[in-house]
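Asks: File upload-v2.cif follows (mmCIF, C-alpha atoms):
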```cif
data_coords
loop_
_atom_site.group_PDB
_atom_site.id
_atom_site.type_symbol
_atom_site.label_atom_id
_atom_site.label_comp_id
_atom_site.auth_asym_id
_atom_site.auth_seq_id
_atom_site.Cartn_x
_atom_site.Cartn_y
_atom_site.Cartn_z
ATOM 1 C CA MET A 9 29.728 168.229 32.872
ATOM 2 C CA HIS A 10 33.197 166.953 32.356
ATOM 3 C CA TYR A 11 32.341 163.497 31.095
ATOM 4 C CA PHE A 12 30.215 164.757 28.249
ATOM 5 C CA TYR A 13 33.139 166.195 26.462
ATOM 6 C CA LEU A 14 31.529 166.509 23.060
ATOM 7 C CA ALA A 15 28.576 168.402 24.416
ATOM 8 C CA GLN A 16 30.836 171.242 25.467
ATOM 9 C CA PHE A 17 31.478 172.532 21.993
ATOM 10 C CA ASP A 18 28.906 174.801 20.512
ATOM 11 C CA ILE A 19 26.559 172.346 18.829
ATOM 12 C CA GLU A 20 23.666 174.685 19.491
ATOM 13 C CA ALA A 21 25.095 177.014 16.863
ATOM 14 C CA GLN A 22 24.740 174.249 14.272
ATOM 15 C CA ALA A 23 21.487 172.633 15.242
ATOM 16 C CA GLY A 24 18.102 174.114 14.595
ATOM 17 C CA PRO A 25 16.985 177.654 13.905
ATOM 18 C CA LYS A 26 18.123 180.441 16.174
ATOM 19 C CA ALA A 27 15.789 183.366 16.833
ATOM 20 C CA LEU A 28 17.564 186.590 15.942
ATOM 21 C CA PHE A 29 14.904 189.205 16.678
ATOM 22 C CA GLU A 30 11.152 189.560 16.962
ATOM 23 C CA ILE A 31 8.602 191.297 14.763
ATOM 24 C CA PHE A 32 5.230 191.813 16.512
ATOM 25 C CA GLY A 33 6.044 189.021 18.910
ATOM 26 C CA ILE A 34 6.883 186.537 16.146
ATOM 27 C CA PRO A 35 10.483 185.318 16.399
ATOM 28 C CA VAL A 36 12.487 185.633 13.184
ATOM 29 C CA ASN A 37 15.067 182.878 12.671
ATOM 30 C CA ASP A 38 18.417 183.078 10.974
ATOM 31 C CA THR A 39 17.091 180.552 8.447
ATOM 32 C CA THR A 40 14.333 182.958 7.449
ATOM 33 C CA VAL A 41 16.718 185.909 7.217
ATOM 34 C CA ILE A 42 19.262 184.071 5.059
ATOM 35 C CA GLY A 43 16.478 182.553 2.947
ATOM 36 C CA TYR A 44 15.014 185.992 2.243
ATOM 37 C CA ALA A 45 18.497 187.346 1.530
ATOM 38 C CA ILE A 46 19.044 184.590 -1.048
ATOM 39 C CA THR A 47 15.613 185.261 -2.580
ATOM 40 C CA ILE A 48 16.261 188.993 -2.881
ATOM 41 C CA GLY A 49 19.725 188.320 -4.278
ATOM 42 C CA LEU A 50 18.255 185.975 -6.901
ATOM 43 C CA ILE A 51 15.591 188.541 -7.865
ATOM 44 C CA ILE A 52 18.214 191.284 -8.230
ATOM 45 C CA PHE A 53 20.436 188.943 -10.234
ATOM 46 C CA ALA A 54 17.524 188.037 -12.531
ATOM 47 C CA ARG A 55 16.713 191.741 -13.016
ATOM 48 C CA ILE A 56 20.330 192.509 -13.896
ATOM 49 C CA VAL A 57 20.551 189.615 -16.355
ATOM 50 C CA THR A 58 17.244 190.299 -18.101
ATOM 51 C CA SER A 59 17.556 194.089 -18.186
ATOM 52 C CA ASN A 60 19.694 194.041 -21.297
ATOM 53 C CA LEU A 61 18.806 190.986 -23.371
ATOM 54 C CA GLN A 62 20.620 190.632 -26.675
ATOM 55 C CA VAL A 63 20.053 188.357 -29.655
ATOM 56 C CA ILE A 64 23.770 187.587 -29.599
ATOM 57 C CA PRO A 65 24.236 186.977 -25.886
ATOM 58 C CA GLY A 66 27.097 188.318 -23.861
ATOM 59 C CA ARG A 67 29.025 186.338 -21.308
ATOM 60 C CA LEU A 68 26.612 186.574 -18.365
ATOM 61 C CA GLN A 69 23.556 185.980 -20.531
ATOM 62 C CA SER A 70 25.088 182.884 -22.153
ATOM 63 C CA ALA A 71 26.025 181.444 -18.747
ATOM 64 C CA VAL A 72 22.475 181.891 -17.437
ATOM 65 C CA GLU A 73 21.033 180.533 -20.689
ATOM 66 C CA ILE A 74 23.230 177.430 -20.419
ATOM 67 C CA LEU A 75 22.033 176.871 -16.849
ATOM 68 C CA LEU A 76 18.360 177.262 -17.774
ATOM 69 C CA GLU A 77 18.736 175.046 -20.841
ATOM 70 C CA ALA A 78 20.337 172.390 -18.639
ATOM 71 C CA ILE A 79 17.349 172.510 -16.274
ATOM 72 C CA VAL A 80 14.856 172.419 -19.184
ATOM 73 C CA ASN A 81 16.685 169.535 -20.873
ATOM 74 C CA THR A 82 16.907 167.511 -17.651
ATOM 75 C CA THR A 83 13.178 167.960 -17.066
ATOM 76 C CA GLU A 84 12.401 167.197 -20.691
ATOM 77 C CA GLY A 85 14.472 164.010 -20.553
ATOM 78 C CA MET A 86 12.554 162.664 -17.560
ATOM 79 C CA MET A 87 9.105 163.877 -18.560
ATOM 80 C CA SER A 88 8.485 164.724 -22.189
ATOM 81 C CA GLY A 89 6.565 167.925 -22.785
ATOM 82 C CA GLY A 90 7.109 169.188 -19.239
ATOM 83 C CA GLY A 91 10.355 171.049 -19.712
ATOM 84 C CA ARG A 92 9.097 174.576 -20.286
ATOM 85 C CA LYS A 93 5.909 174.062 -18.298
ATOM 86 C CA LEU A 94 7.651 173.026 -15.095
ATOM 87 C CA LEU A 95 10.577 175.436 -15.445
ATOM 88 C CA PRO A 96 9.279 178.018 -12.911
ATOM 89 C CA PHE A 97 8.877 175.399 -10.174
ATOM 90 C CA ILE A 98 11.869 173.193 -10.919
ATOM 91 C CA GLY A 99 14.139 176.137 -11.678
ATOM 92 C CA THR A 100 13.211 177.822 -8.392
ATOM 93 C CA ILE A 101 14.002 174.664 -6.464
ATOM 94 C CA ALA A 102 17.289 174.102 -8.270
ATOM 95 C CA LEU A 103 18.542 177.685 -7.957
ATOM 96 C CA PHE A 104 17.409 178.290 -4.387
ATOM 97 C CA ILE A 105 18.626 174.994 -2.961
ATOM 98 C CA GLY A 106 21.864 175.138 -4.922
ATOM 99 C CA ILE A 107 22.668 178.574 -3.540
ATOM 100 C CA SER A 108 21.452 177.641 -0.052
ATOM 101 C CA ASN A 109 23.787 174.651 -0.018
ATOM 102 C CA ILE A 110 26.912 176.511 -1.053
ATOM 103 C CA ILE A 111 26.291 179.718 0.898
ATOM 104 C CA GLY A 112 27.534 178.031 4.088
ATOM 105 C CA ILE A 113 31.075 178.520 2.856
ATOM 106 C CA LEU A 114 30.801 182.211 3.767
ATOM 107 C CA PRO A 115 31.875 182.884 7.338
ATOM 108 C CA LEU A 116 29.115 183.301 9.946
ATOM 109 C CA VAL A 117 26.420 182.200 7.490
ATOM 110 C CA LYS A 118 24.512 179.018 8.264
ATOM 111 C CA ASN A 119 23.077 176.954 5.433
ATOM 112 C CA PRO A 120 19.311 177.538 5.375
ATOM 113 C CA THR A 121 18.971 173.914 4.270
ATOM 114 C CA ALA A 122 20.634 172.743 7.504
ATOM 115 C CA ASP A 123 17.251 173.484 9.076
ATOM 116 C CA LEU A 124 14.586 170.806 8.803
ATOM 117 C CA ASN A 125 11.837 173.444 8.557
ATOM 118 C CA MET A 126 13.241 174.710 5.266
ATOM 119 C CA THR A 127 13.777 171.311 3.643
ATOM 120 C CA LEU A 128 10.433 170.019 4.891
ATOM 121 C CA ALA A 129 8.753 173.066 3.368
ATOM 122 C CA PHE A 130 10.341 172.235 0.026
ATOM 123 C CA GLY A 131 9.480 168.546 0.347
ATOM 124 C CA LEU A 132 5.846 169.351 1.175
ATOM 125 C CA SER A 133 5.551 171.839 -1.671
ATOM 126 C CA VAL A 134 6.848 169.200 -4.099
ATOM 127 C CA PHE A 135 4.339 166.741 -2.577
ATOM 128 C CA VAL A 136 1.407 169.142 -2.971
ATOM 129 C CA PHE A 137 2.532 170.206 -6.441
ATOM 130 C CA SER A 138 2.940 166.637 -7.702
ATOM 131 C CA ASN A 139 -0.478 165.577 -6.443
ATOM 132 C CA ALA A 140 -2.213 168.708 -7.741
ATOM 133 C CA TYR A 141 -0.493 168.270 -11.098
ATOM 134 C CA ALA A 142 -1.605 164.632 -11.206
ATOM 135 C CA ILE A 143 -5.213 165.675 -10.482
ATOM 136 C CA LYS A 144 -5.005 168.323 -13.193
ATOM 137 C CA VAL A 145 -3.538 165.940 -15.777
ATOM 138 C CA LYS A 146 -5.501 162.767 -14.994
ATOM 139 C CA GLY A 147 -8.711 164.066 -13.443
ATOM 140 C CA PHE A 148 -9.892 163.488 -9.895
ATOM 141 C CA TRP A 149 -11.369 159.967 -10.060
ATOM 142 C CA PRO A 150 -8.594 158.408 -12.162
ATOM 143 C CA TYR A 151 -6.134 159.990 -9.717
ATOM 144 C CA LEU A 152 -7.876 158.372 -6.747
ATOM 145 C CA LYS A 153 -8.176 155.115 -8.638
ATOM 146 C CA GLY A 154 -4.425 155.200 -9.251
ATOM 147 C CA PHE A 155 -3.871 154.473 -5.573
ATOM 148 C CA ALA A 156 -5.760 151.185 -5.863
ATOM 149 C CA GLU A 157 -3.579 149.921 -8.698
ATOM 150 C CA PRO A 158 -3.002 147.059 -9.388
ATOM 151 C CA MET A 159 -5.206 145.630 -6.618
ATOM 152 C CA ILE A 160 -7.443 147.154 -3.954
ATOM 153 C CA PHE A 161 -5.366 145.502 -1.190
ATOM 154 C CA ILE A 162 -2.374 147.641 -2.141
ATOM 155 C CA LEU A 163 -4.282 150.836 -1.259
ATOM 156 C CA PRO A 164 -2.835 151.425 2.257
ATOM 157 C CA ILE A 165 0.682 150.627 1.071
ATOM 158 C CA ASN A 166 0.343 153.066 -1.807
ATOM 159 C CA ILE A 167 -0.963 155.799 0.474
ATOM 160 C CA LEU A 168 1.837 155.203 2.987
ATOM 161 C CA GLY A 169 4.392 155.224 0.187
ATOM 162 C CA GLU A 170 3.026 158.517 -1.088
ATOM 163 C CA LEU A 171 3.162 160.038 2.410
ATOM 164 C CA ALA A 172 6.722 158.800 2.960
ATOM 165 C CA LYS A 173 7.968 160.631 -0.131
ATOM 166 C CA PRO A 174 8.170 164.184 1.288
ATOM 167 C CA ILE A 175 9.727 162.871 4.505
ATOM 168 C CA SER A 176 12.535 160.947 2.823
ATOM 169 C CA HIS A 177 12.937 163.734 0.273
ATOM 170 C CA SER A 178 13.443 166.422 2.895
ATOM 171 C CA PHE A 179 15.407 164.329 5.405
ATOM 172 C CA ARG A 180 17.941 163.407 2.730
ATOM 173 C CA LEU A 181 18.810 167.029 2.001
ATOM 174 C CA PHE A 182 18.667 168.045 5.660
ATOM 175 C CA GLY A 183 20.840 165.141 6.792
ATOM 176 C CA ASN A 184 23.514 165.761 4.213
ATOM 177 C CA VAL A 185 23.817 169.492 4.820
ATOM 178 C CA PHE A 186 23.412 169.296 8.613
ATOM 179 C CA GLY A 187 25.794 166.352 8.889
ATOM 180 C CA GLY A 188 28.357 168.232 6.840
ATOM 181 C CA SER A 189 28.073 171.312 9.020
ATOM 182 C CA VAL A 190 28.391 169.224 12.210
ATOM 183 C CA LEU A 191 31.474 167.466 10.861
ATOM 184 C CA ILE A 192 33.000 170.827 9.915
ATOM 185 C CA ALA A 193 32.263 172.158 13.416
ATOM 186 C CA LEU A 194 33.829 169.048 15.001
ATOM 187 C CA ALA A 195 36.901 169.386 12.788
ATOM 188 C CA ALA A 196 37.178 173.083 13.642
ATOM 189 C CA TYR A 197 36.995 172.148 17.321
ATOM 190 C CA PHE A 198 39.673 169.457 17.255
ATOM 191 C CA VAL A 199 42.008 170.558 14.429
ATOM 192 C CA PRO A 200 41.357 174.286 13.998
ATOM 193 C CA GLY A 201 42.679 175.980 10.904
ATOM 194 C CA ILE A 202 43.930 173.036 8.840
ATOM 195 C CA LEU A 203 41.287 170.360 8.527
ATOM 196 C CA PRO A 204 38.089 172.462 8.132
ATOM 197 C CA VAL A 205 39.127 174.064 4.841
ATOM 198 C CA PRO A 206 39.148 170.939 2.617
ATOM 199 C CA LEU A 207 36.137 169.645 4.528
ATOM 200 C CA MET A 208 34.263 172.865 3.756
ATOM 201 C CA ALA A 209 35.229 172.596 0.098
ATOM 202 C CA TRP A 210 33.973 169.013 0.046
ATOM 203 C CA PHE A 211 30.751 169.370 2.020
ATOM 204 C CA ASP A 212 29.666 172.865 1.052
ATOM 205 C CA ILE A 213 30.581 172.900 -2.620
ATOM 206 C CA PHE A 214 30.653 169.332 -3.911
ATOM 207 C CA ILE A 215 28.107 167.587 -1.676
ATOM 208 C CA GLY A 216 25.942 170.725 -1.690
ATOM 209 C CA LEU A 217 25.745 170.877 -5.478
ATOM 210 C CA VAL A 218 25.234 167.112 -5.816
ATOM 211 C CA GLN A 219 22.437 167.190 -3.250
ATOM 212 C CA ALA A 220 20.767 170.148 -4.969
ATOM 213 C CA LEU A 221 20.897 168.137 -8.216
ATOM 214 C CA ILE A 222 19.471 165.064 -6.450
ATOM 215 C CA PHE A 223 16.673 167.079 -4.850
ATOM 216 C CA THR A 224 15.739 168.631 -8.193
ATOM 217 C CA MET A 225 15.851 165.329 -10.069
ATOM 218 C CA LEU A 226 13.777 163.580 -7.402
ATOM 219 C CA ALA A 227 11.237 166.411 -7.548
ATOM 220 C CA ILE A 228 10.959 165.935 -11.324
ATOM 221 C CA ALA A 229 10.723 162.171 -10.863
ATOM 222 C CA TYR A 230 7.952 162.459 -8.248
ATOM 223 C CA ILE A 231 5.954 164.829 -10.461
ATOM 224 C CA SER A 232 6.419 162.633 -13.516
ATOM 225 C CA ILE A 233 5.521 159.415 -11.637
ATOM 226 C CA ALA A 234 2.416 160.982 -10.103
ATOM 227 C CA SER A 235 1.104 162.317 -13.394
ATOM 228 C CA GLU A 236 1.746 159.190 -15.431
ATOM 229 C CA MET B 137 9.256 147.768 42.861
ATOM 230 C CA VAL B 138 12.593 149.518 43.084
ATOM 231 C CA GLU B 139 12.571 153.302 43.272
ATOM 232 C CA PHE B 140 15.349 155.004 41.295
ATOM 233 C CA SER B 141 16.579 158.450 42.146
ATOM 234 C CA PRO B 142 16.151 161.055 39.363
ATOM 235 C CA GLU B 143 19.911 161.413 38.967
ATOM 236 C CA LEU B 144 20.305 157.694 38.391
ATOM 237 C CA LEU B 145 17.439 157.671 35.889
ATOM 238 C CA GLU B 146 19.018 160.555 34.000
ATOM 239 C CA THR B 147 22.339 158.746 33.894
ATOM 240 C CA ILE B 148 20.679 155.593 32.593
ATOM 241 C CA ILE B 149 18.888 157.590 29.882
ATOM 242 C CA ARG B 150 22.113 159.264 28.820
ATOM 243 C CA ALA B 151 24.009 155.995 28.723
ATOM 244 C CA ALA B 152 21.252 154.403 26.673
ATOM 245 C CA ALA B 153 21.273 157.382 24.279
ATOM 246 C CA LEU B 154 25.044 157.044 23.784
ATOM 247 C CA ILE B 155 24.764 153.296 23.151
ATOM 248 C CA GLY B 156 21.879 153.930 20.756
ATOM 249 C CA ALA B 157 23.898 156.513 18.863
ATOM 250 C CA GLY B 158 26.723 154.041 18.487
ATOM 251 C CA LEU B 159 24.352 151.305 17.345
ATOM 252 C CA ALA B 160 22.641 153.618 14.859
ATOM 253 C CA LEU B 161 25.909 154.114 13.016
ATOM 254 C CA ILE B 162 26.020 150.390 12.173
ATOM 255 C CA ALA B 163 23.733 151.479 9.344
ATOM 256 C CA GLY B 164 26.829 152.978 7.721
ATOM 257 C CA ILE B 165 27.727 149.476 6.499
ATOM 258 C CA GLY B 166 24.920 149.431 3.926
ATOM 259 C CA PRO B 167 25.685 152.642 2.028
ATOM 260 C CA GLY B 168 29.398 151.820 2.170
ATOM 261 C CA ILE B 169 28.898 148.498 0.420
ATOM 262 C CA GLY B 170 26.383 150.002 -2.004
ATOM 263 C CA GLN B 171 28.523 152.953 -2.980
ATOM 264 C CA GLY B 172 31.582 150.761 -3.425
ATOM 265 C CA PHE B 173 29.556 148.436 -5.628
ATOM 266 C CA ALA B 174 28.318 151.362 -7.743
ATOM 267 C CA ALA B 175 31.842 152.739 -8.082
ATOM 268 C CA GLY B 176 33.186 149.330 -9.092
ATOM 269 C CA LYS B 177 30.505 148.927 -11.749
ATOM 270 C CA ALA B 178 31.264 152.449 -13.004
ATOM 271 C CA VAL B 179 34.960 151.561 -13.317
ATOM 272 C CA GLU B 180 33.983 148.463 -15.316
ATOM 273 C CA SER B 181 31.769 150.548 -17.597
ATOM 274 C CA VAL B 182 34.472 153.176 -18.151
ATOM 275 C CA ALA B 183 36.976 150.430 -18.945
ATOM 276 C CA ARG B 184 34.546 148.999 -21.492
ATOM 277 C CA GLN B 185 33.451 152.327 -22.955
ATOM 278 C CA PRO B 186 35.950 155.113 -22.190
ATOM 279 C CA GLU B 187 34.105 157.674 -24.340
ATOM 280 C CA ALA B 188 31.004 157.558 -22.092
ATOM 281 C CA ARG B 189 33.037 158.566 -19.048
ATOM 282 C CA GLY B 190 31.213 161.819 -18.240
ATOM 283 C CA LEU B 191 27.733 160.313 -18.393
ATOM 284 C CA ILE B 192 28.803 157.295 -16.331
ATOM 285 C CA THR B 193 30.380 159.502 -13.664
ATOM 286 C CA THR B 194 27.263 161.680 -13.373
ATOM 287 C CA THR B 195 24.965 158.673 -13.166
ATOM 288 C CA MET B 196 27.216 157.029 -10.580
ATOM 289 C CA LEU B 197 27.278 160.157 -8.409
ATOM 290 C CA VAL B 198 23.505 160.556 -8.554
ATOM 291 C CA GLY B 199 22.914 156.903 -7.712
ATOM 292 C CA GLN B 200 25.424 156.980 -4.891
ATOM 293 C CA ALA B 201 23.901 160.135 -3.427
ATOM 294 C CA VAL B 202 20.454 158.546 -3.457
ATOM 295 C CA SER B 203 21.655 155.283 -1.938
ATOM 296 C CA GLU B 204 23.551 157.248 0.682
ATOM 297 C CA SER B 205 20.333 158.489 2.229
ATOM 298 C CA THR B 206 19.808 155.496 4.542
ATOM 299 C CA GLY B 207 23.198 156.125 6.071
ATOM 300 C CA ILE B 208 22.366 159.813 6.352
ATOM 301 C CA TYR B 209 19.141 159.031 8.216
ATOM 302 C CA ALA B 210 21.105 156.906 10.676
ATOM 303 C CA PHE B 211 23.632 159.707 11.067
ATOM 304 C CA VAL B 212 20.910 162.265 11.764
ATOM 305 C CA PHE B 213 19.334 160.028 14.405
ATOM 306 C CA ALA B 214 22.732 159.381 15.978
ATOM 307 C CA LEU B 215 23.337 163.127 16.173
ATOM 308 C CA ILE B 216 19.899 163.681 17.674
ATOM 309 C CA LEU B 217 20.617 161.022 20.304
ATOM 310 C CA LEU B 218 24.061 162.447 21.018
ATOM 311 C CA PHE B 219 23.323 166.133 21.235
ATOM 312 C CA PHE B 220 19.654 166.597 22.002
ATOM 313 C CA ILE B 221 19.024 163.875 24.550
ATOM 314 C CA ILE B 222 22.318 164.324 26.349
ATOM 315 C CA LEU B 223 22.101 168.104 26.603
#
```
Show how you would write the structure in this file as C-alpha cells.
Replies:
Amino acid sequence: MHYFYLAQFDIEAQAGPKALFEIFGIPVNDTTVIGYAITIGLIIFARIVTSNLQVIPGRLQSAVEILLEAIVNTTEGMMSGGGRKLLPFIGTIALFIGISNIIGILPLVKNPTADLNMTLAFGLSVFVFSNAYAIKVKGFWPYLKGFAEPMIFILPINILGELAKPISHSFRLFGNVFGGSVLIALAAYFVPGILPVPLMAWFDIFIGLVQALIFTMLAIAYISIASE
Amino acid sequence: MVEFSPELLETIIRAAALIGAGLALIAGIGPGIGQGFAAGKAVESVARQPEARGLITTTMLVGQAVSESTGIYAFVFALILLFFIIL
C-alpha cells in the first residue's frame, strides 16, 4: 500500500525469529542457530585458552584472566562472599550476552538478543536462580516471610514487584538491541552506505557492551537483594 | 447503531495505531531529562574531583542506561504499533 511507506522496507527481517529449517517438524529459528554457534565458539575458545595454562601467563591467558577477575571483583563488590560462587552463572550471562550484542556487526548475522524469547529466557533464569538461591541461603519459611516485610498489607505489592523484575530486566535488553537494529535498518534504507556505519559502531559495540554490563550487574543485584 | 464496513474499520484501527505510536514517544521526554541531569551532575563531580573521572564516567553510564529503560519500553511499544498492527 502506497501510503504506508515505512511498512515497505523489510522490517520482517529485523523483527522476531525467522524459521530457517525444521528438525522433526520443530522449526529452528535463526536465533537458536546463532545462539548455539556462539555457545560452541565460547566452548572452543575456553578449551584453547585452558589447554596450555602457565604460571606466568601469556598474552591470551592474561587477557582472559583480567576479564574473569573483573567479573569476580564486580560480583564481590556487590555481594561479599559471592564472587567465586556465582562466577559460573554470572560469567555465562556476561560472556554470552556481551558476544550476542556485538555479533550483529557481522553482515547477515542478527543479534540473538534482538529476540524477546532469548532475553526473556535469560530474565526468567535469573528470576528462578535468585529465588532458589534465596531459599537456599535463608530457608523456605524466612524466604516466604520476606515477602510480608515490613507489613502484611505489602504482600501483594511485593509479589507483583518480584514478578515485574524478569519482565523489565528482559525488555530493557531486548528494547535496546532491537531498537538499535531497527534504527540501523531505517538508516540503511534512507541513507545507504554512509549513515549505517557509525550507527552500527554506536549501537552494536558501545550500547551492546553497556547493556551487557547493565544486564549482568542487575542480575547480581537481584540475586544479592533476594538473598539478603 | 451504525454499521461500518470492514475496510473503514481497518483504516480506523491503522490510524489509531499510528497516533498511538506517536503518543507513545512522548515518553522520550523523561529519559532525556534524566540522562541530561545525570550527565550534568557527572560534569560537576569531575570538575570537583578530576582524579575520579573514570569511576564517575562508568557510574554515570550505568545509571543512564538503567534510567533509559522507560524510554526504551515506549520505543518498543511504538515499534509494535507501527509495524505489527499496520502490517
Asks: Go through B:Arg150, B:Arg189, B:Arg184, B:Lys177 and flag the residue nearest chain A, using all atoms listed in the file for the distances.
Replies: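 Comparing B:Arg150, B:Arg189, B:Arg184, B:Lys177 against chain A, the winner is B:Arg150.
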Asks: What does the PyMOL selection byres ((chain A and resi 28) around 7) select in this file, as a list in words?
Replies: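 Written out, the selection comes to Lys26, Ala27, Phe29, Val36, Asn37 and Asp38 of chain A.
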Asks: If you apply the PyMOL selection byres ((chain A) within 8 of (chain B)) to this file, what residues do you get, as a ChimeraX atom specification?
Replies: /A:15,19,179-180,183-184,187,218-219,222
Asks: From the options B:Ala151, B:Ala160, B:Met137, B:Leu191, which residue's atoms come nearest to Ala214 of chain B, counting only C-alpha atoms?
Replies: B:Ala160
Asks: Any idea what the distance is between atom CA of Ile113 of chain A and atom CA of Val205 of chain A?
Replies: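 Straight-line distance from atom CA of Ile113 of chain A to atom CA of Val205 of chain A works out to 9.4 Å.
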Asks: Determine the axis-aligned bounding box of all atoms of segment 171-176 of chain B present in the file, pad each side by 8 Å, and express its centre and edge lengths in Å to one decimal place as AutoDock Vina command-line options.
Replies:
```
--center_x 30.8 --center_y 150.7 --center_z -6.0 --size_x 20.9 --size_y 20.5 --size_z 22.1
```
Asks: Please determine the residues with any atom at most 12 Å from (0.7, 167.9, -1.9) (coordinates as given in the file, with all atoms listed in the file counting) and report them as an mmCIF file with C-alpha atoms, in the coordinates of the input.
Replies:
```
data_model
loop_
_atom_site.group_PDB
_atom_site.id
_atom_site.type_symbol
_atom_site.label_atom_id
_atom_site.label_comp_id
_atom_site.auth_asym_id
_atom_site.auth_seq_id
_atom_site.Cartn_x
_atom_site.Cartn_y
_atom_site.Cartn_z
ATOM 1 C CA ALA A 129 8.753 173.066 3.368
ATOM 2 C CA PHE A 130 10.341 172.235 0.026
ATOM 3 C CA GLY A 131 9.480 168.546 0.347
ATOM 4 C CA LEU A 132 5.846 169.351 1.175
ATOM 5 C CA SER A 133 5.551 171.839 -1.671
ATOM 6 C CA VAL A 134 6.848 169.200 -4.099
ATOM 7 C CA PHE A 135 4.339 166.741 -2.577
ATOM 8 C CA VAL A 136 1.407 169.142 -2.971
ATOM 9 C CA PHE A 137 2.532 170.206 -6.441
ATOM 10 C CA SER A 138 2.940 166.637 -7.702
ATOM 11 C CA ASN A 139 -0.478 165.577 -6.443
ATOM 12 C CA ALA A 140 -2.213 168.708 -7.741
ATOM 13 C CA TYR A 141 -0.493 168.270 -11.098
ATOM 14 C CA ALA A 142 -1.605 164.632 -11.206
ATOM 15 C CA ILE A 143 -5.213 165.675 -10.482
ATOM 16 C CA GLU A 170 3.026 158.517 -1.088
ATOM 17 C CA LEU A 171 3.162 160.038 2.410
ATOM 18 C CA ALA A 172 6.722 158.800 2.960
ATOM 19 C CA LYS A 173 7.968 160.631 -0.131
ATOM 20 C CA PRO A 174 8.170 164.184 1.288
ATOM 21 C CA TYR A 230 7.952 162.459 -8.248
ATOM 22 C CA ILE A 231 5.954 164.829 -10.461
ATOM 23 C CA ALA A 234 2.416 160.982 -10.103
#
```
Asks: Work out how far apart atom CA of Leu194 of chain A and atom CA of Gly106 of chain A are and give it in Å to one decimal.
Replies: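 About the pair atom CA of Leu194 of chain A and atom CA of Gly106 of chain A: they are 24.0 Å apart.
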Asks: I'd like the neighbourhood of segment 42-46 of chain A as a count of residues only, where a residue qualifies if any of its atoms comes within 12 Å (using only C-alpha atoms), though same-chain residues fewer than 3 positions away should be ignored.
Replies: 35
